[in-house]
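Single-structure report; data block below.
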Amino acid sequence: MKLAVVVGHNRISQGAVRSDTGESEFVYNTDLAKKMRDIAGEQYPDLKLKIFHRTPGGGYTSEIERVYGEVDQWNADASIELHFNSAGDPRASGTETFSSGSSRSVRLAQEVQMEMVETLGLRDRGVKIRNSRTKGRGYLSLVSGRAPAILVEPFFASSSLGRAASDEQSERMALAEAIVEGAVKAMRHF
């Protein structure tokens, strides 16, 4: 099984920032992806996990097409793009996962979502479909590659609940384990 992990955003456009640690999505999720890679290597001998980064340049669409082209060249069986949410309303909280709506993407999204919700203990905002009919946030990341793809938003960095559930190293490791475990469960059924 080959799992591609795409770190959301890039070194130039780093995404939302946690008010507690000052980490951007790019910084936080680069660390999370490394933890996921370590877990895969230690716990899942039948899983190859490779980290991919969006190279800045040419605009958002070009960056997405380029990174998912690299994922396709690697011949991934599935891909997960890492993000975290932020909102103007500090009461916004919870865990959500985006799927393209294909059967494998939905299964991957459901398994990973279930594991993240159980691990973080935040409100289950569910699996949301983004496809050619619904489009919306995350759409290009879900349809630009050949492999079933999902985009995860485990917590809101603008929420004290989200920050508290994801700031300690042990919580980050547990989140990394949850995402990998959910992915493996789904991929074993592909």
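Chains: A, B, ... in order of the structure tokens. Residues: from 1 per chain. Ligands: from 1, in order shown.
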DSSP strand (DSSP E or B) selection over range 11-146 of chain A, as an NGL selection string
:A and (17 or 24 or 48-53 or 78-82 or 85 or 95-99 or 124-129)
Per residue of range 74-123 of chain A within 12 Å of range 30-35 of chain A, note the shortest atom pair and the distance in Å to one decimal, counting only C-alpha atoms, and order the rows by chain and increasing residue number, as a tab-separated table.
residue	atom	partner	partner_atom	distance
A:Ile80	CA	A:Ala33	CA	10.0
A:Glu81	CA	A:Ala33	CA	9.6
A:Leu82	CA	A:Ala33	CA	7.9
A:His83	CA	A:Thr30	CA	10.0
A:Phe84	CA	A:Leu32	CA	11.3
Using only C-alpha atoms, which of the listed residues (A:Gly145, A:Gly15, A:Gly136, A:Gly162) sits closest to Gly69 in chain A?
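Of A:Gly145, A:Gly15, A:Gly136, A:Gly162, the one nearest Gly69 in chain A is A:Gly145, counting only C-alpha atoms.
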One residue among A:Arg18, A:His9, A:Arg163, A:Arg37 is nearest to Gly59 in chain A when using only C-alpha atoms, and that residue is A:His9
Of A:Ala157, A:Ile179, A:Met187, A:Ala4, the one sitting nearest Gly88 in chain A when using only C-alpha atoms is A:Ala157
Would you mind listing what lies within 9 Å of Asp124 in chain A as JSON, numbers by chain, with only C-alpha atoms counted and same-chain residues fewer than 4 positions away left out?
{"A": [94, 95, 96, 113, 114, 117]}
Please dump the current selection as a PDB file, in the first residue's frame; keep all heavy atoms.
ATOM      1  N   GLY A  94     -14.562  21.563  15.871  1.00  0.00           N
ATOM      2  CA  GLY A  94     -14.877  20.230  15.381  1.00  0.00           C
ATOM      3  C   GLY A  94     -13.886  19.721  14.361  1.00  0.00           C
ATOM      4  O   GLY A  94     -12.910  20.386  14.001  1.00  0.00           O
ATOM      5  N   THR A  95     -14.167  18.508  13.906  1.00  0.00           N
ATOM      6  CA  THR A  95     -13.312  17.762  12.983  1.00  0.00           C
ATOM      7  C   THR A  95     -14.111  17.464  11.723  1.00  0.00           C
ATOM      8  O   THR A  95     -15.252  17.003  11.815  1.00  0.00           O
ATOM      9  CB  THR A  95     -12.873  16.437  13.645  1.00  0.00           C
ATOM     10  OG1 THR A  95     -12.163  16.744  14.845  1.00  0.00           O
ATOM     11  CG2 THR A  95     -12.005  15.610  12.723  1.00  0.00           C
ATOM     12  N   GLU A  96     -13.511  17.712  10.550  1.00  0.00           N
ATOM     13  CA  GLU A  96     -14.187  17.388   9.296  1.00  0.00           C
ATOM     14  C   GLU A  96     -13.181  16.897   8.268  1.00  0.00           C
ATOM     15  O   GLU A  96     -11.989  17.183   8.352  1.00  0.00           O
ATOM     16  CB  GLU A  96     -14.980  18.578   8.755  1.00  0.00           C
ATOM     17  CG  GLU A  96     -14.160  19.788   8.417  1.00  0.00           C
ATOM     18  CD  GLU A  96     -15.013  21.011   8.108  1.00  0.00           C
ATOM     19  OE1 GLU A  96     -16.243  20.975   8.270  1.00  0.00           O
ATOM     20  OE2 GLU A  96     -14.430  22.037   7.712  1.00  0.00           O
ATOM     21  N   GLN A 113     -11.900  10.051   9.369  1.00  0.00           N
ATOM     22  CA  GLN A 113     -12.743  10.931  10.182  1.00  0.00           C
ATOM     23  C   GLN A 113     -13.096  10.269  11.514  1.00  0.00           C
ATOM     24  O   GLN A 113     -12.971  10.884  12.577  1.00  0.00           O
ATOM     25  CB  GLN A 113     -14.025  11.295   9.413  1.00  0.00           C
ATOM     26  CG  GLN A 113     -15.032  12.131  10.187  1.00  0.00           C
ATOM     27  CD  GLN A 113     -14.642  13.570  10.390  1.00  0.00           C
ATOM     28  OE1 GLN A 113     -13.642  14.052   9.852  1.00  0.00           O
ATOM     29  NE2 GLN A 113     -15.424  14.296  11.171  1.00  0.00           N
ATOM     30  N   MET A 114     -13.515   9.021  11.469  1.00  0.00           N
ATOM     31  CA  MET A 114     -13.895   8.302  12.680  1.00  0.00           C
ATOM     32  C   MET A 114     -12.720   8.240  13.672  1.00  0.00           C
ATOM     33  O   MET A 114     -12.884   8.494  14.868  1.00  0.00           O
ATOM     34  CB  MET A 114     -14.364   6.891  12.337  1.00  0.00           C
ATOM     35  CG  MET A 114     -14.808   6.085  13.540  1.00  0.00           C
ATOM     36  SD  MET A 114     -15.415   4.450  13.093  1.00  0.00           S
ATOM     37  CE  MET A 114     -13.932   3.720  12.413  1.00  0.00           C
ATOM     38  N   VAL A 117     -11.975  11.853  15.132  1.00  0.00           N
ATOM     39  CA  VAL A 117     -12.990  12.278  16.098  1.00  0.00           C
ATOM     40  C   VAL A 117     -12.789  11.551  17.421  1.00  0.00           C
ATOM     41  O   VAL A 117     -12.827  12.166  18.499  1.00  0.00           O
ATOM     42  CB  VAL A 117     -14.417  12.046  15.538  1.00  0.00           C
ATOM     43  CG1 VAL A 117     -15.473  12.189  16.624  1.00  0.00           C
ATOM     44  CG2 VAL A 117     -14.695  13.011  14.386  1.00  0.00           C
TER      45      VAL A 117
END
Residues of range 3-189 of chain A classed as helix (DSSP H, G or I) by DSSP on the backbone are to be reported as a PyMOL selection string.
chain A and resi 25-43+60-74+103-120+139-143+160-166+169-187
Distance in Å - CA of Lys2 in chain A versus CA of Ser99 in chain A
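Between these atoms lies a distance of 18.4 Å.
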Check the smallest atom-to-atom distance from each of A:Met36, A:Lys185, A:Ser159, A:Ala178 to Asp89 in chain A using only C-alpha atoms, then report the winner.
A:Ser159
CA of Ala149 in chain A and CA of Ser62 in chain A are how many Å apart?
17.8 Å
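Here the question is which of A:Lys135, A:Gly41, A:Gly8, A:Tyr60 gets nearest to Phe26 in chain A using only C-alpha atoms, and that residue is A:Gly8.
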For Ala165 in chain A, the closest of A:Val27, A:Ile64, A:Leu47, A:Leu120 counting only C-alpha atoms is A:Leu120
Could you tell me how far CA of Leu175 in chain A sits from CA of Leu3 in chain A, in Å to one decimal place?
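CA of Leu175 in chain A lies at a distance of 16.4 Å from CA of Leu3 in chain A.
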